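Have a look at input.pdb; it's PDB, C-alpha atoms, pLDDT in the B column:
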```pdb
ATOM      1  CA  MET A 415     -25.038   5.556  -7.056  1.00 83.00           C
ATOM      2  CA  ASN A 416     -22.322   7.351  -5.086  1.00 84.00           C
ATOM      3  CA  ARG A 417     -23.449   5.613  -1.889  1.00 89.00           C
ATOM      4  CA  VAL A 418     -23.188   2.197  -3.546  1.00 91.00           C
ATOM      5  CA  ILE A 419     -19.726   3.023  -4.883  1.00 90.00           C
ATOM      6  CA  TYR A 420     -18.623   4.248  -1.457  1.00 91.00           C
ATOM      7  CA  ALA A 421     -19.977   1.113   0.283  1.00 92.00           C
ATOM      8  CA  ILE A 422     -18.217  -1.230  -2.153  1.00 93.00           C
ATOM      9  CA  ASP A 423     -14.985   0.795  -1.910  1.00 91.00           C
ATOM     10  CA  GLN A 424     -15.165   0.605   1.896  1.00 92.00           C
ATOM     11  CA  LEU A 425     -15.668  -3.177   1.782  1.00 93.00           C
ATOM     12  CA  SER A 426     -12.686  -3.568  -0.557  1.00 93.00           C
ATOM     13  CA  LYS A 427     -10.610  -1.313   1.687  1.00 93.00           C
ATOM     14  CA  THR A 428     -11.508  -3.237   4.842  1.00 93.00           C
ATOM     15  CA  ILE A 429     -10.707  -6.621   3.327  1.00 94.00           C
ATOM     16  CA  GLY A 430      -7.541  -5.313   1.674  1.00 92.00           C
ATOM     17  CA  HIS A 431      -6.295  -3.853   4.951  1.00 92.00           C
ATOM     18  CA  ALA A 432      -7.128  -7.056   6.851  1.00 93.00           C
ATOM     19  CA  PHE A 433      -5.213  -9.256   4.420  1.00 93.00           C
ATOM     20  CA  ALA A 434      -2.290  -6.815   4.306  1.00 91.00           C
ATOM     21  CA  TRP A 435      -1.278  -8.394   7.620  1.00 92.00           C
ATOM     22  CA  CYS A 436      -0.249 -11.431   5.560  1.00 91.00           C
ATOM     23  CA  ILE A 437       2.799  -9.376   4.551  1.00 92.00           C
ATOM     24  CA  ILE A 438       3.889  -9.087   8.198  1.00 93.00           C
ATOM     25  CA  ILE A 439       3.352 -12.808   8.837  1.00 92.00           C
ATOM     26  CA  LEU A 440       5.195 -13.649   5.615  1.00 92.00           C
ATOM     27  CA  THR A 441       8.095 -11.367   6.534  1.00 93.00           C
ATOM     28  CA  PHE A 442       8.517 -12.823  10.030  1.00 93.00           C
ATOM     29  CA  GLY A 443       8.112 -16.407   8.806  1.00 91.00           C
ATOM     30  CA  THR A 444      10.682 -15.983   6.055  1.00 91.00           C
ATOM     31  CA  SER A 445      13.103 -14.151   8.351  1.00 93.00           C
ATOM     32  CA  TYR A 446      12.800 -16.918  10.936  1.00 93.00           C
ATOM     33  CA  GLU A 447      13.441 -19.560   8.272  1.00 91.00           C
ATOM     34  CA  VAL A 448      16.545 -17.732   7.016  1.00 92.00           C
ATOM     35  CA  PHE A 449      17.840 -17.437  10.591  1.00 93.00           C
ATOM     36  CA  VAL A 450      17.356 -21.081  11.560  1.00 93.00           C
ATOM     37  CA  ARG A 451      18.423 -22.448   8.166  1.00 91.00           C
ATOM     38  CA  TYR A 452      21.670 -20.522   7.703  1.00 92.00           C
ATOM     39  CA  LEU A 453      22.773 -19.709  11.239  1.00 90.00           C
ATOM     40  CA  LEU A 454      21.512 -22.729  13.192  1.00 92.00           C
ATOM     41  CA  ASN A 455      21.563 -25.238  10.314  1.00 91.00           C
ATOM     42  CA  ALA A 456      18.058 -26.373  11.315  1.00 90.00           C
ATOM     43  CA  PRO A 457      15.617 -25.591   8.486  1.00 88.00           C
ATOM     44  CA  THR A 458      11.892 -25.763   9.151  1.00 86.00           C
ATOM     45  CA  SER A 459       9.510 -28.077   7.327  1.00 83.00           C
ATOM     46  CA  TRP A 460       6.718 -25.493   7.116  1.00 84.00           C
ATOM     47  CA  ALA A 461       8.348 -22.280   5.810  1.00 85.00           C
ATOM     48  CA  PHE A 462       7.720 -22.889   2.111  1.00 85.00           C
ATOM     49  CA  ASP A 463       4.058 -23.721   2.730  1.00 87.00           C
ATOM     50  CA  LEU A 464       3.654 -20.654   4.934  1.00 87.00           C
ATOM     51  CA  SER A 465       5.151 -18.398   2.266  1.00 88.00           C
ATOM     52  CA  TYR A 466       2.914 -19.491  -0.579  1.00 86.00           C
ATOM     53  CA  ILE A 467      -0.213 -19.627   1.606  1.00 89.00           C
ATOM     54  CA  MET A 468       0.345 -16.080   2.911  1.00 91.00           C
ATOM     55  CA  TYR A 469       1.285 -14.730  -0.510  1.00 91.00           C
ATOM     56  CA  GLY A 470      -1.639 -16.509  -2.148  1.00 91.00           C
ATOM     57  CA  ALA A 471      -4.115 -15.185   0.416  1.00 93.00           C
ATOM     58  CA  LEU A 472      -2.782 -11.667  -0.046  1.00 92.00           C
ATOM     59  CA  PHE A 473      -2.882 -11.961  -3.837  1.00 90.00           C
ATOM     60  CA  TYR A 474      -6.454 -13.298  -3.976  1.00 92.00           C
ATOM     61  CA  MET A 475      -7.958 -10.994  -1.388  1.00 93.00           C
ATOM     62  CA  ALA A 476      -6.236  -7.716  -2.302  1.00 93.00           C
ATOM     63  CA  GLY A 477      -7.400  -7.691  -5.926  1.00 93.00           C
ATOM     64  CA  ALA A 478     -10.615  -5.787  -5.196  1.00 94.00           C
ATOM     65  CA  TYR A 479      -8.738  -3.270  -3.021  1.00 93.00           C
ATOM     66  CA  THR A 480      -6.219  -2.672  -5.803  1.00 91.00           C
ATOM     67  CA  LEU A 481      -9.011  -2.215  -8.356  1.00 92.00           C
ATOM     68  CA  SER A 482     -10.775   0.246  -6.053  1.00 91.00           C
ATOM     69  CA  ARG A 483      -7.626   2.381  -6.012  1.00 88.00           C
ATOM     70  CA  GLY A 484      -7.053   2.162  -9.773  1.00 83.00           C
ATOM     71  CA  GLY A 485      -3.820   0.307  -9.041  1.00 78.00           C
ATOM     72  CA  HIS A 486      -3.955  -2.546 -11.554  1.00 82.00           C
ATOM     73  CA  VAL A 487      -1.671  -2.399 -14.583  1.00 80.00           C
ATOM     74  CA  ARG A 488      -3.436  -0.630 -17.430  1.00 77.00           C
ATOM     75  CA  ALA A 489      -2.691   0.092 -21.065  1.00 77.00           C
ATOM     76  CA  ASP A 490      -4.148   3.594 -20.970  1.00 74.00           C
ATOM     77  CA  MET A 491      -1.323   5.581 -22.533  1.00 74.00           C
ATOM     78  CA  PHE A 492      -3.623   6.630 -25.385  1.00 80.00           C
ATOM     79  CA  SER A 493      -7.068   6.588 -23.790  1.00 79.00           C
ATOM     80  CA  ARG A 494      -6.036   8.934 -20.972  1.00 79.00           C
ATOM     81  CA  LEU A 495      -5.423  11.626 -23.593  1.00 84.00           C
ATOM     82  CA  LEU A 496      -9.061  11.440 -24.714  1.00 87.00           C
ATOM     83  CA  PRO A 497     -11.939  13.471 -23.222  1.00 89.00           C
ATOM     84  CA  VAL A 498     -13.175  12.143 -19.889  1.00 88.00           C
ATOM     85  CA  ARG A 499     -16.558  11.004 -21.199  1.00 91.00           C
ATOM     86  CA  THR A 500     -14.861   9.077 -24.018  1.00 91.00           C
ATOM     87  CA  GLN A 501     -12.585   7.404 -21.458  1.00 89.00           C
ATOM     88  CA  ALA A 502     -15.634   6.383 -19.423  1.00 90.00           C
ATOM     89  CA  GLY A 503     -17.371   4.994 -22.505  1.00 92.00           C
ATOM     90  CA  ILE A 504     -14.339   2.927 -23.489  1.00 90.00           C
ATOM     91  CA  GLU A 505     -13.935   1.608 -19.938  1.00 91.00           C
ATOM     92  CA  LEU A 506     -17.623   0.711 -19.696  1.00 94.00           C
ATOM     93  CA  VAL A 507     -17.456  -1.318 -22.912  1.00 94.00           C
ATOM     94  CA  LEU A 508     -14.243  -3.043 -21.797  1.00 92.00           C
ATOM     95  CA  TYR A 509     -15.716  -3.943 -18.401  1.00 95.00           C
ATOM     96  CA  ILE A 510     -18.771  -5.486 -20.037  1.00 95.00           C
ATOM     97  CA  LEU A 511     -16.948  -7.315 -22.847  1.00 96.00           C
ATOM     98  CA  PHE A 512     -13.824  -8.536 -21.067  1.00 95.00           C
ATOM     99  CA  PHE A 513     -13.738  -7.895 -17.322  1.00 94.00           C
ATOM    100  CA  PHE A 514     -17.004  -9.468 -16.176  1.00 96.00           C
ATOM    101  CA  PRO A 515     -16.807 -12.598 -18.381  1.00 96.00           C
ATOM    102  CA  GLY A 516     -13.258 -13.239 -17.144  1.00 95.00           C
ATOM    103  CA  VAL A 517     -14.000 -12.647 -13.477  1.00 96.00           C
ATOM    104  CA  ILE A 518     -17.231 -14.648 -13.542  1.00 96.00           C
ATOM    105  CA  SER A 519     -15.303 -17.523 -15.156  1.00 96.00           C
ATOM    106  CA  LEU A 520     -12.725 -17.247 -12.372  1.00 94.00           C
ATOM    107  CA  VAL A 521     -15.423 -17.430  -9.700  1.00 96.00           C
ATOM    108  CA  TYR A 522     -17.142 -20.390 -11.371  1.00 95.00           C
ATOM    109  CA  SER A 523     -13.961 -22.386 -12.007  1.00 94.00           C
ATOM    110  CA  GLY A 524     -12.440 -21.365  -8.677  1.00 93.00           C
ATOM    111  CA  TRP A 525     -15.513 -22.600  -6.834  1.00 95.00           C
ATOM    112  CA  SER A 526     -15.335 -26.095  -8.327  1.00 93.00           C
ATOM    113  CA  TYR A 527     -11.539 -26.181  -7.822  1.00 91.00           C
ATOM    114  CA  GLY A 528     -11.754 -25.014  -4.210  1.00 91.00           C
ATOM    115  CA  ASN A 529     -14.811 -27.133  -3.400  1.00 93.00           C
ATOM    116  CA  GLU A 530     -13.111 -30.295  -4.646  1.00 93.00           C
ATOM    117  CA  SER A 531     -10.027 -29.450  -2.583  1.00 91.00           C
ATOM    118  CA  MET A 532     -12.196 -28.888   0.491  1.00 92.00           C
ATOM    119  CA  HIS A 533     -14.050 -32.195   0.075  1.00 93.00           C
ATOM    120  CA  ILE A 534     -10.823 -34.208  -0.014  1.00 92.00           C
ATOM    121  CA  ARG A 535      -9.275 -32.054   2.750  1.00 91.00           C
ATOM    122  CA  GLU A 536      -6.261 -31.438   0.503  1.00 89.00           C
ATOM    123  CA  MET A 537      -2.884 -31.077   2.201  1.00 89.00           C
ATOM    124  CA  SER A 538       0.411 -29.762   0.926  1.00 85.00           C
ATOM    125  CA  ILE A 539       2.744 -32.233  -0.782  1.00 83.00           C
ATOM    126  CA  ASN A 540       5.680 -29.831  -0.445  1.00 79.00           C
ATOM    127  CA  SER A 541       6.523 -30.694   3.150  1.00 75.00           C
ATOM    128  CA  PRO A 542       6.268 -33.690   5.463  1.00 78.00           C
ATOM    129  CA  VAL A 543       4.118 -31.665   7.860  1.00 79.00           C
ATOM    130  CA  GLY A 544       1.053 -31.977   5.621  1.00 81.00           C
ATOM    131  CA  ILE A 545      -0.299 -28.453   6.067  1.00 86.00           C
ATOM    132  CA  PRO A 546      -3.938 -28.144   4.914  1.00 89.00           C
ATOM    133  CA  ILE A 547      -4.194 -26.012   1.768  1.00 88.00           C
ATOM    134  CA  TRP A 548      -7.864 -26.325   0.856  1.00 91.00           C
ATOM    135  CA  GLN A 549      -8.580 -23.029   2.649  1.00 91.00           C
ATOM    136  CA  ILE A 550      -6.301 -21.077   0.305  1.00 91.00           C
ATOM    137  CA  LYS A 551      -7.990 -22.672  -2.708  1.00 92.00           C
ATOM    138  CA  MET A 552     -11.404 -21.623  -1.377  1.00 94.00           C
ATOM    139  CA  LEU A 553     -10.162 -18.021  -1.421  1.00 94.00           C
ATOM    140  CA  ILE A 554     -10.050 -18.123  -5.244  1.00 94.00           C
ATOM    141  CA  PRO A 555     -13.837 -17.788  -5.749  1.00 95.00           C
ATOM    142  CA  VAL A 556     -14.161 -15.451  -2.756  1.00 95.00           C
ATOM    143  CA  GLY A 557     -11.486 -13.112  -4.089  1.00 95.00           C
ATOM    144  CA  GLY A 558     -13.000 -13.320  -7.574  1.00 95.00           C
ATOM    145  CA  ALA A 559     -16.439 -12.424  -6.224  1.00 96.00           C
ATOM    146  CA  LEU A 560     -14.983  -9.400  -4.423  1.00 96.00           C
ATOM    147  CA  VAL A 561     -13.243  -8.267  -7.620  1.00 96.00           C
ATOM    148  CA  ALA A 562     -16.550  -8.677  -9.499  1.00 97.00           C
ATOM    149  CA  LEU A 563     -18.328  -6.587  -6.860  1.00 96.00           C
ATOM    150  CA  GLN A 564     -15.667  -3.890  -7.160  1.00 96.00           C
ATOM    151  CA  GLY A 565     -16.169  -4.110 -10.927  1.00 96.00           C
ATOM    152  CA  VAL A 566     -19.804  -3.101 -10.348  1.00 96.00           C
ATOM    153  CA  ALA A 567     -18.538   0.007  -8.541  1.00 95.00           C
ATOM    154  CA  GLU A 568     -16.207   0.765 -11.457  1.00 95.00           C
ATOM    155  CA  VAL A 569     -19.089   0.438 -13.938  1.00 95.00           C
ATOM    156  CA  LEU A 570     -21.134   2.834 -11.809  1.00 95.00           C
ATOM    157  CA  ARG A 571     -18.164   5.237 -11.879  1.00 94.00           C
ATOM    158  CA  CYS A 572     -18.217   5.055 -15.677  1.00 94.00           C
ATOM    159  CA  ILE A 573     -21.969   5.759 -15.764  1.00 94.00           C
ATOM    160  CA  ILE A 574     -21.584   8.760 -13.448  1.00 94.00           C
ATOM    161  CA  CYS A 575     -18.730  10.073 -15.580  1.00 91.00           C
ATOM    162  CA  LEU A 576     -20.780   9.684 -18.760  1.00 93.00           C
ATOM    163  CA  ARG A 577     -23.637  11.561 -17.084  1.00 93.00           C
ATOM    164  CA  ASP A 578     -21.714  14.305 -15.262  1.00 91.00           C
ATOM    165  CA  GLY A 579     -18.430  14.579 -17.143  1.00 89.00           C
ATOM    166  CA  ASN A 580     -16.373  13.886 -14.002  1.00 88.00           C
ATOM    167  CA  TRP A 581     -15.102  10.702 -12.397  1.00 87.00           C
ATOM    168  CA  ALA A 582     -16.617   9.773  -9.037  1.00 86.00           C
ATOM    169  CA  PRO A 583     -13.996  10.213  -6.300  1.00 84.00           C
ATOM    170  CA  ARG A 584     -11.964   7.288  -4.999  1.00 84.00           C
ATOM    171  CA  LEU A 585     -11.036   6.617  -1.404  1.00 81.00           C
ATOM    172  CA  HIS A 586      -7.411   7.504  -0.721  1.00 76.00           C
ATOM    173  CA  ASP A 587      -5.584   5.843   2.116  1.00 74.00           C
ATOM    174  CA  VAL A 588      -2.223   4.986   0.588  1.00 67.00           C
ATOM    175  CA  GLU A 589      -0.406   6.698  -2.248  1.00 65.00           C
ATOM    176  CA  GLU A 590       2.723   5.950  -4.185  1.00 66.00           C
ATOM    177  CA  LEU A 591       5.758   7.847  -2.925  1.00 70.00           C
ATOM    178  CA  GLU A 592       6.415   9.022  -6.473  1.00 70.00           C
ATOM    179  CA  LYS A 593       2.995  10.723  -6.604  1.00 72.00           C
ATOM    180  CA  GLN A 594       3.610  12.421  -3.266  1.00 73.00           C
ATOM    181  CA  LEU A 595       7.014  13.677  -4.432  1.00 75.00           C
ATOM    182  CA  LEU A 596       5.556  15.038  -7.679  1.00 75.00           C
ATOM    183  CA  GLU A 597       2.816  16.861  -5.767  1.00 78.00           C
ATOM    184  CA  GLU A 598       5.402  18.325  -3.375  1.00 80.00           C
ATOM    185  CA  ALA A 599       7.539  19.471  -6.303  1.00 79.00           C
ATOM    186  CA  GLU A 600       4.506  21.013  -7.994  1.00 78.00           C
ATOM    187  CA  LYS A 601       3.530  22.857  -4.804  1.00 79.00           C
ATOM    188  CA  GLY A 602       7.109  24.047  -4.411  1.00 73.00           C
ATOM    189  CA  GLY A 603       7.138  25.281  -8.000  1.00 64.00           C
ATOM    190  CA  ILE A 604       3.870  27.157  -7.506  1.00 62.00           C
ATOM    191  CA  GLU A 605       5.145  28.737  -4.280  1.00 65.00           C
ATOM    192  CA  ALA A 606       8.388  29.744  -6.011  1.00 55.00           C
ATOM    193  CA  ALA A 607       6.445  31.317  -8.890  1.00 55.00           C
ATOM    194  CA  LYS A 608       4.292  33.272  -6.426  1.00 61.00           C
ATOM    195  CA  ALA A 609       7.387  34.479  -4.604  1.00 59.00           C
ATOM    196  CA  LEU A 610       8.957  35.637  -7.875  1.00 56.00           C
ATOM    197  CA  ALA A 611       5.756  37.418  -8.869  1.00 58.00           C
ATOM    198  CA  ARG A 612       5.849  39.459  -5.636  1.00 61.00           C
TER     199      ARG A 612
END
```
Could you render the structure from this file as structure tokens?
Amino acid sequence: MNRVIYAIDQLSKTIGHAFAWCIIILTFGTSYEVFVRYLLNAPTSWAFDLSYIMYGALFYMAGAYTLSRGGHVRADMFSRLLPVRTQAGIELVLYILFFFPGVISLVYSGWSYGNESMHIREMSINSPVGIPIWQIKMLIPVGGALVALQGVAEVLRCIICLRDGNWAPRLHDVEELEKQLLEEAEKGGIEAAKALAR
């Protein structure tokens, strides 16, 4: 089971890192638009479309990566105080009752929505350029399928935790600055206590 979890986590990481480049494209596109609009008084006709296409692609395709890192918003202020096996049991039930039905509905509905958009070769109505947007709509079922696959890895994590009493490890490539600062402070406090004990 650990190999399956690792493989799914790696897939989510690879896709998440690839689509993170949308942030760079979005930043440069928006900066260019601000420059030409306010300094040269020559706004572009494509900047708005670029911004929502890049943000949409990032949003759809980074969901599985975020889930693999435990980064989605959670209401676990009470459950995290419970024993680890109880946490895993609660999470397993919630994944089965709520997560999978919702994500499978997203994939199903997103497929018909994106497929219809692709068949009519839908273009943006927000600018005179007529930028094709059917590709971004086809990312809805793809992103949903990736989130569902990552959900399988999370269910396997719950099963391992129920069996062994410990959570399966997660890949760590990026951490919140706050977490790093807390760990540094904790290390500093431990070192200071050791120095005082000497």
Could you tell me how far CA of Leu576 (chain A) sits from CA of Pro515 (chain A), in Å to one decimal place?
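A separation of 22.6 Å between them.
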Residues at most 9 Å from region 547-550 of chain A, counting only C-alpha atoms, excluding those fewer than 3 positions away in the same chain, as a list in words?
Asp463, Ile467, Met468, Gly470, Ala471, Tyr474, Gly528, Asn529, Glu530, Ser531, Met532, His533, Ile534, Arg535, Glu536, Met537, Ser538, Gly544, Leu553 and Ile554 of chain A
Check which residues satisfy the PyMOL selection byres ((chain A and resi 472) around 12) in the file shown, then give them as a PyMOL selection string.
chain A and resi 429-440+465-471+473-480+550+553-554+557
Counting all atoms listed in the file, which of A:Thr500, A:Val556, A:Ser482, A:Ser523 gets nearest to Tyr420 (chain A)?
A:Ser482
CA of Ala456 (chain A) to CA of Ile545 (chain A), distance in Å rounded to a single decimal:
19.2 Å
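Take CA of Val561 (chain A) and CA of Phe512 (chain A): the distance between them is 13.5 Å.
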